[in-house]
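Data from entry_0.tsv: TSV, C-alpha atoms
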chain	number	residue	atom	x	y	z
P	76	MET	CA	36.27	102.22	-18.62
P	77	ILE	CA	38.62	102.61	-21.53
P	78	GLU	CA	42.21	101.44	-21.56
P	79	ARG	CA	43.68	104.87	-20.81
P	80	ASP	CA	41.43	105.34	-17.77
P	81	ILE	CA	42.25	101.91	-16.40
P	82	SER	CA	45.98	102.59	-16.73
P	83	TYR	CA	45.60	105.87	-14.88
P	84	PHE	CA	43.45	104.30	-12.16
P	85	THR	CA	45.92	101.47	-11.43
P	86	ASN	CA	48.95	103.75	-11.64
P	87	GLN	CA	47.38	106.10	-9.11
P	88	GLN	CA	46.73	103.18	-6.77
P	89	LEU	CA	50.36	102.12	-7.05
P	90	LYS	CA	51.44	105.69	-6.29
P	91	ASN	CA	49.06	106.36	-3.40
P	92	ILE	CA	49.00	102.94	-1.73
P	93	LEU	CA	52.44	101.51	-2.44
P	94	ILE	CA	54.38	104.77	-3.00
P	95	SER	CA	55.52	103.51	-6.41
P	96	ASN	CA	56.10	105.39	-9.66
P	97	HIS	CA	55.90	102.30	-11.83
P	98	ASP	CA	53.81	102.57	-15.00
P	99	VAL	CA	51.57	99.65	-15.99
P	100	THR	CA	50.45	101.25	-19.27
P	101	PRO	CA	52.49	98.96	-21.61
P	102	TYR	CA	50.74	95.89	-20.16
P	103	VAL	CA	47.17	97.09	-19.82
P	104	LYS	CA	45.89	96.27	-23.32
P	105	ASP	CA	46.93	92.60	-23.16
P	106	SER	CA	45.67	92.29	-19.59
P	107	LEU	CA	42.35	93.91	-20.43
P	108	ASP	CA	41.93	91.63	-23.47
P	109	ARG	CA	42.49	88.59	-21.26
P	110	THR	CA	40.03	89.92	-18.69
P	111	LEU	CA	37.24	90.59	-21.17
P	112	LYS	CA	37.78	87.18	-22.76
P	113	CYS	CA	37.41	85.69	-19.27
P	114	PHE	CA	34.11	87.51	-18.78
P	115	GLU	CA	32.59	86.25	-22.07
P	116	LYS	CA	31.35	82.97	-20.59
P	117	ASN	CA	30.40	84.26	-17.16
P	118	ASN	CA	26.61	84.10	-16.78
P	119	ASN	CA	26.51	86.46	-13.78
P	120	LYS	CA	24.43	89.52	-14.65
P	121	TYR	CA	27.17	91.88	-13.45
P	122	TYR	CA	29.57	90.41	-15.99
P	123	LYS	CA	27.37	89.74	-19.00
P	124	GLU	CA	25.08	92.79	-19.15
P	125	ASP	CA	27.87	95.12	-20.25
P	126	LEU	CA	30.97	93.26	-21.38
P	127	ASN	CA	33.44	95.69	-19.90
P	128	LEU	CA	35.69	96.00	-16.88
P	129	SER	CA	34.39	97.91	-13.88
P	130	VAL	CA	37.19	98.83	-11.50
P	131	PHE	CA	34.49	99.40	-8.90
P	132	HIS	CA	33.32	95.78	-9.05
P	133	SER	CA	35.75	94.05	-6.71
P	134	GLY	CA	35.39	90.61	-8.30
P	135	GLN	CA	36.07	91.95	-11.78
P	136	TYR	CA	38.97	94.11	-10.66
P	137	SER	CA	40.60	91.29	-8.69
P	138	ILE	CA	40.60	89.11	-11.82
P	139	TYR	CA	42.05	91.97	-13.87
P	140	LEU	CA	44.85	92.60	-11.36
P	141	TYR	CA	45.82	88.91	-11.43
P	142	TYR	CA	45.98	88.96	-15.25
P	143	LEU	CA	47.94	92.23	-15.12
P	144	ALA	CA	50.56	90.84	-12.74
P	145	ASN	CA	50.79	87.59	-14.71
P	146	THR	CA	51.09	89.47	-18.02
P	147	ILE	CA	53.87	91.68	-16.63
P	148	PHE	CA	55.74	88.60	-15.40
P	149	LYS	CA	55.41	86.72	-18.70
P	150	LYS	CA	56.12	89.63	-21.05
P	151	SER	CA	58.95	91.39	-19.21
P	152	ASN	CA	59.93	89.26	-16.21
P	153	ASP	CA	59.69	92.47	-14.17
P	154	THR	CA	59.13	90.71	-10.87
P	155	GLU	CA	59.28	93.95	-8.90
P	156	LEU	CA	56.29	95.45	-10.71
P	157	ALA	CA	54.47	92.10	-10.86
P	158	SER	CA	54.95	91.71	-7.11
P	159	LYS	CA	53.51	95.17	-6.48
P	160	ILE	CA	50.38	94.41	-8.52
P	161	TYR	CA	50.06	91.06	-6.73
P	162	TYR	CA	50.37	92.86	-3.39
P	163	LEU	CA	47.90	95.54	-4.47
P	164	ASN	CA	45.38	92.79	-5.21
P	165	LYS	CA	45.90	91.34	-1.73
P	166	ILE	CA	45.46	94.76	-0.10
P	167	LEU	CA	42.30	95.66	-2.01
P	168	HIS	CA	40.54	92.30	-2.17
P	169	SER	CA	42.15	89.97	0.40
P	170	VAL	CA	42.89	87.39	-2.30
P	171	ASP	CA	46.18	85.60	-2.91
P	172	CYS	CA	46.71	84.82	-6.62
P	173	PHE	CA	50.46	84.81	-7.22
P	174	TYR	CA	51.56	86.00	-10.65
P	175	GLU	CA	53.60	82.85	-11.41
P	176	ILE	CA	50.53	80.65	-10.98
P	177	GLU	CA	48.80	79.92	-14.30
P	178	LEU	CA	45.12	80.47	-13.66
P	179	PRO	CA	42.73	79.58	-16.49
P	180	ASN	CA	41.39	81.73	-19.30
P	181	TYR	CA	37.88	81.39	-17.88
P	182	LEU	CA	37.88	82.09	-14.15
P	183	GLY	CA	35.03	83.35	-12.00
P	184	VAL	CA	34.84	84.76	-8.48
P	185	GLU	CA	32.01	85.83	-6.20
P	186	HIS	CA	32.93	87.62	-2.96
P	187	PRO	CA	36.38	85.94	-3.05
P	188	VAL	CA	37.83	87.50	0.12
P	189	TRP	CA	40.35	85.34	2.04
P	190	SER	CA	40.81	83.00	-0.92
P	191	ILE	CA	44.19	81.52	-1.87
P	192	LEU	CA	44.80	79.98	-5.30
P	193	GLY	CA	48.21	78.40	-4.91
P	194	ARG	CA	50.31	76.00	-6.93
P	195	ALA	CA	48.14	73.62	-8.93
P	196	LYS	CA	47.20	72.78	-12.50
P	197	TYR	CA	44.01	74.66	-13.32
P	198	ASN	CA	41.54	74.33	-16.18
P	199	ASP	CA	38.82	76.56	-17.58
P	200	GLY	CA	35.61	77.07	-15.65
P	201	LEU	CA	37.04	77.41	-12.14
P	202	PHE	CA	34.64	79.42	-9.98
P	203	ILE	CA	35.34	80.30	-6.35
P	204	TYR	CA	33.44	81.89	-3.49
P	205	ARG	CA	34.62	83.20	-0.11
P	206	ASN	CA	37.62	81.72	1.71
P	207	CYS	CA	38.56	79.01	-0.80
P	208	THR	CA	42.03	77.47	-0.73
P	209	VAL	CA	43.96	75.47	-3.34
P	210	GLY	CA	47.52	74.41	-2.57
P	211	GLY	CA	50.08	71.78	-1.75
P	212	ASN	CA	50.63	69.12	0.87
P	213	LYS	CA	54.05	67.51	1.36
P	214	LYS	CA	55.23	69.06	-1.93
P	215	LYS	CA	52.38	67.49	-3.92
P	216	TYR	CA	49.91	69.71	-5.75
P	217	PRO	CA	46.38	69.30	-7.14
P	218	THR	CA	45.14	69.04	-10.71
P	219	LEU	CA	41.71	70.54	-11.31
P	220	GLY	CA	39.53	69.63	-14.28
P	221	ARG	CA	37.14	71.87	-16.17
P	222	ASN	CA	34.19	73.51	-14.43
P	223	VAL	CA	35.23	73.03	-10.82
P	224	ILE	CA	33.00	75.08	-8.52
P	225	MET	CA	34.29	75.78	-5.01
P	226	TYR	CA	31.74	77.09	-2.54
P	227	SER	CA	32.64	79.07	0.58
P	228	ASN	CA	35.28	77.68	2.94
P	229	SER	CA	36.19	74.77	0.67
P	230	THR	CA	39.75	73.50	0.31
P	231	ILE	CA	41.74	71.34	-2.13
P	232	LEU	CA	45.18	70.28	-0.93
P	233	GLY	CA	47.95	67.97	-2.07
P	234	ASN	CA	47.96	65.04	-4.46
P	235	CYS	CA	44.40	65.40	-5.80
P	236	ASN	CA	42.95	64.88	-9.25
P	237	ILE	CA	39.63	66.71	-9.38
P	238	GLY	CA	37.56	65.70	-12.40
P	239	ASP	CA	35.50	67.81	-14.78
P	240	ASN	CA	32.17	69.27	-13.65
P	241	VAL	CA	32.75	68.94	-9.92
P	242	ILE	CA	30.86	70.94	-7.28
P	243	ILE	CA	32.63	71.20	-3.93
P	244	SER	CA	30.20	72.12	-1.19
P	245	THR	CA	30.60	74.68	1.57
P	246	GLY	CA	33.16	73.69	4.19
P	247	THR	CA	34.50	70.67	2.29
P	248	THR	CA	38.20	69.76	2.54
P	249	ILE	CA	39.73	67.45	-0.08
P	250	LYS	CA	43.27	66.31	0.74
P	251	ASP	CA	45.25	63.75	-1.26
P	252	GLN	CA	42.11	62.22	-2.80
P	253	ASN	CA	40.79	61.94	-6.34
P	254	ILE	CA	37.29	63.02	-7.34
P	255	PRO	CA	35.57	61.60	-10.46
P	256	ASN	CA	33.89	63.64	-13.17
P	257	ASN	CA	30.35	64.94	-12.65
P	258	SER	CA	30.33	64.83	-8.87
P	259	MET	CA	29.15	66.73	-5.83
P	260	VAL	CA	31.52	66.51	-2.85
P	261	PHE	CA	30.77	66.96	0.85
P	262	GLY	CA	32.71	66.53	4.10
P	263	GLU	CA	36.37	66.23	4.92
P	264	SER	CA	39.10	63.83	3.79
P	265	PRO	CA	39.47	60.93	4.25
P	266	LYS	CA	35.72	60.59	4.92
P	267	LEU	CA	34.36	62.45	1.93
P	268	VAL	CA	30.85	61.92	0.62
P	269	VAL	CA	30.92	61.90	-3.19
P	270	LYS	CA	27.64	61.90	-5.09
P	271	GLN	CA	28.04	61.18	-8.78
P	272	LYS	CA	25.55	62.69	-11.20
P	273	SER	CA	25.08	62.66	-14.94
P	274	GLU	CA	26.92	65.34	-16.86
P	275	GLY	CA	23.60	66.88	-17.79
P	276	GLU	CA	22.52	67.14	-14.15
P	277	ILE	CA	25.75	68.87	-13.14
P	278	ARG	CA	25.64	71.24	-16.10
P	279	GLU	CA	22.11	72.27	-15.13
P	280	LEU	CA	23.38	73.09	-11.65
P	281	ILE	CA	26.17	75.33	-12.95
P	282	GLU	CA	24.43	76.97	-15.89
P	283	ASP	CA	23.73	80.05	-13.78
P	284	ILE	CA	27.51	80.45	-13.49
P	285	TRP	CA	28.88	79.53	-16.91
P	286	ILE	CA	27.35	79.97	-20.35
P	287	ARG	CA	27.34	76.73	-22.31
P	288	ASN	CA	29.16	76.57	-25.61
P	289	ARG	CA	26.90	76.18	-28.61
P	290	GLY	CA	26.22	72.47	-29.13
P	291	GLU	CA	27.05	71.44	-25.55
P	292	SER	CA	24.54	69.19	-23.83

Please render this file's structure as structure tokens.
Amino acid sequence: MIERDISYFTNQQLKNILISNHDVTPYVKDSLDRTLKCFEKNNNKYYKEDLNLSVFHSGQYSIYLYYLANTIFKKSNDTELASKIYYLNKILHSVDCFYEIELPNYLGVEHPVWSILGRAKYNDGLFIYRNCTVGGNKKKYPTLGRNVIMYSNSTILGNCNIGDNVIISTGTTIKDQNIPNNSMVFGESPKLVVKQKSEGEIRELIEDIWIRNRGES
């Protein structure tokens, strides 16, 4: 879809779902540019075959609506409109990505319903599946490295430093623990099972998700 069509589509959703006459048109170009940049490294066939935004692909559109709300907040500080786009995203996709949270430039989702990406420091290559949660514990918040993959029902809470190239398995809960680079994580804190791998082994496991940069091993 072209920029004009996307503006119309989102404006109509605001009007029909939230009874709002706000106009997102001034923010769509920047938000769409951010979204398409995000898709460049995604190796999923639905993202890479036609580098464009489909508003009928719920994963793509949920990412776009986050970037739209975040762009509105940063460019105009219009928290009323940003809040409506944030809420629209929750209504349509059952995801909670607040517009003040700085999610990375390269973010991927697959069936992300019931997921919450709360306060944390994020880095490029985050990929989430269903019902993933990132957030605080006792006013402490996580730091996530590059290429963190969260499978369904996984959780990161509190004072955690998650290294680069970390795969968090289905149902795993990490709370107030650090995870080294190039690891696979299983279980529940404080009794986590952490299996360290070589960087090459981990990158092979995630190459179906993210395209490697030229020259990367």

Within 9 Å of Thr248 in chain P, counting only C-alpha atoms, which residues show up once you throw out same-chain ones fewer than 3 positions away? Write them as a ChimeraX atom specification, please.
/P:228-232,243,261-264,267

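Ranking P:Tyr161, P:Asn119, P:Thr146, P:Leu126 by their shortest atom-to-atom distance to Leu89 in chain P, with only C-alpha atoms included, puts P:Tyr161 first.
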
How many Å lie between CA of Leu163 in chain P and CA of Thr247 in chain P, rounded to one decimal?
29.0 Å

Hey, which of P:Ala157, P:Met259, P:Ile176, P:Ile224 ends up closest to Gly200 in chain P? Count all atoms listed in the file.
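Smallest distance to Gly200 in chain P is found for P:Ile224.
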
If I take CA of Cys172 in chain P and CA of Pro187 in chain P, how far is one from the other in Å, to one decimal?
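Distance between the two atoms: 11.0 Å.
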
Given all atoms listed in the file as the counted atoms, nearest of P:Lys266, P:Met225, P:His186, P:Ile160 to Lys90 in chain P:
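The closest residue to Lys90 in chain P is P:Ile160.
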
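Closest to Leu143 in chain P among P:Lys120, P:Arg109, P:Arg79, P:Arg205 is P:Arg109, based on all atoms listed in the file.
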
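For the set P:Met76, P:Ile237, P:Val170, P:Val103, the residue with the smallest atom-to-atom gap to Thr208 in chain P is P:Val170, counting only C-alpha atoms.
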
Pick from P:Asp239, P:Asp283, P:Asp171, P:Glu115: nearest to Asn257 in chain P, with all atoms listed in the file counted?
P:Asp239

Quick check, in Å to one decimal: how far apart do CA of Ile249 in chain P and CA of Tyr226 in chain P lie?
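Computing it gives 12.8 Å between the two atoms.
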
Contacts of Ile277 in chain P at 9 Å or less, counting all atoms listed in the file, minus same-chain residues fewer than 3 places along, as a ChimeraX atom specification?
/P:240-242,257-259,272-274,280-282

Write the selection just made, keeping C-alpha atoms, as a PDB file, in the coordinates of the input?
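part_17.pdb, written as the output of this step:
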ATOM      1  CA  ASN P 240      32.170  69.270 -13.650  1.00  0.00           C
ATOM      2  CA  VAL P 241      32.750  68.940  -9.920  1.00  0.00           C
ATOM      3  CA  ILE P 242      30.860  70.940  -7.280  1.00  0.00           C
ATOM      4  CA  ASN P 257      30.350  64.940 -12.650  1.00  0.00           C
ATOM      5  CA  SER P 258      30.330  64.830  -8.870  1.00  0.00           C
ATOM      6  CA  MET P 259      29.150  66.730  -5.830  1.00  0.00           C
ATOM      7  CA  LYS P 272      25.550  62.690 -11.200  1.00  0.00           C
ATOM      8  CA  SER P 273      25.080  62.660 -14.940  1.00  0.00           C
ATOM      9  CA  GLU P 274      26.920  65.340 -16.860  1.00  0.00           C
ATOM     10  CA  LEU P 280      23.380  73.090 -11.650  1.00  0.00           C
ATOM     11  CA  ILE P 281      26.170  75.330 -12.950  1.00  0.00           C
ATOM     12  CA  GLU P 282      24.430  76.970 -15.890  1.00  0.00           C
TER      13      GLU P 282
END

Taking (40.9, 69.1, -13.8) in the file's coordinates, which residues come within 9 Å, counting all atoms listed in the file, written as a list in words?
Lys196, Tyr197, Asn198, Asp199, Pro217, Thr218, Leu219, Gly220, Arg221, Asn222, Val223, Asn236, Ile237, Gly238, Asp239, Asn240 and Asn256 of chain P

Within 12 Å of (54.9, 88.5, -15.9), all atoms listed in the file: residues as a PyMOL selection string?
chain P and resi 99+102+105-106+140-161+173-177

Produce range 121-183 of chain P of the given structure as output with C-alpha atoms, as a short mmCIF file (atom, residue, chain, number, x, y, z; two decimals), in the first residue's frame.
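Okay, selection_34.cif is ready:
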data_model
loop_
_atom_site.label_atom_id
_atom_site.label_comp_id
_atom_site.auth_asym_id
_atom_site.auth_seq_id
_atom_site.Cartn_x
_atom_site.Cartn_y
_atom_site.Cartn_z
CA TYR P 121 6.06 -12.67 4.37
CA TYR P 122 8.39 -9.75 5.05
CA LYS P 123 11.16 -10.21 2.50
CA GLU P 124 9.30 -11.29 -0.65
CA ASP P 125 7.78 -7.85 -1.20
CA LEU P 126 9.40 -5.17 0.92
CA ASN P 127 6.23 -3.29 1.65
CA LEU P 128 3.72 -2.88 4.46
CA SER P 129 0.59 -5.01 4.37
CA VAL P 130 -2.06 -3.67 6.73
CA PHE P 131 -3.70 -7.09 6.46
CA HIS P 132 -0.66 -8.86 7.92
CA SER P 133 -1.22 -8.46 11.65
CA GLY P 134 2.45 -8.79 12.59
CA GLN P 135 3.52 -6.14 10.10
CA TYR P 136 0.71 -3.78 11.02
CA SER P 137 1.34 -4.12 14.76
CA ILE P 138 4.97 -3.06 14.23
CA TYR P 139 3.86 -0.13 12.09
CA LEU P 140 1.34 1.07 14.69
CA TYR P 141 4.04 1.00 17.39
CA TYR P 142 6.37 3.08 15.20
CA LEU P 143 3.49 5.43 14.36
CA ALA P 144 2.63 6.05 18.02
CA ASN P 145 6.30 6.45 18.94
CA THR P 146 6.90 8.84 16.02
CA ILE P 147 3.90 10.97 17.00
CA PHE P 148 5.16 11.14 20.59
CA LYS P 149 8.73 12.08 19.61
CA LYS P 150 7.88 14.57 16.85
CA SER P 151 4.93 16.40 18.39
CA ASN P 152 4.49 15.17 21.97
CA ASP P 153 0.81 14.73 21.11
CA THR P 154 0.16 12.16 23.81
CA GLU P 155 -3.57 12.08 23.10
CA LEU P 156 -3.08 10.89 19.52
CA ALA P 157 -0.15 8.65 20.46
CA SER P 158 -2.29 7.04 23.16
CA LYS P 159 -5.09 6.38 20.67
CA ILE P 160 -2.71 4.65 18.25
CA TYR P 161 -1.25 2.65 21.15
CA TYR P 162 -4.76 1.65 22.20
CA LEU P 163 -5.73 0.81 18.61
CA ASN P 164 -2.77 -1.57 18.48
CA LYS P 165 -3.94 -3.25 21.68
CA ILE P 166 -7.49 -3.61 20.34
CA LEU P 167 -6.46 -5.03 16.97
CA HIS P 168 -3.52 -7.23 17.96
CA SER P 169 -3.63 -7.77 21.74
CA VAL P 170 -0.09 -6.42 22.11
CA ASP P 171 1.12 -3.82 24.60
CA CYS P 172 3.96 -1.69 23.17
CA PHE P 173 3.74 1.70 24.84
CA TYR P 174 4.83 4.64 22.70
CA GLU P 175 7.36 5.94 25.25
CA ILE P 176 9.26 2.65 25.18
CA GLU P 177 12.19 2.72 22.73
CA LEU P 178 11.96 -0.51 20.80
CA PRO P 179 14.81 -1.27 18.38
CA ASN P 180 15.17 -0.42 14.71
CA TYR P 181 15.09 -4.13 13.86
CA LEU P 182 12.21 -5.85 15.63
CA GLY P 183 10.36 -8.98 14.60
#
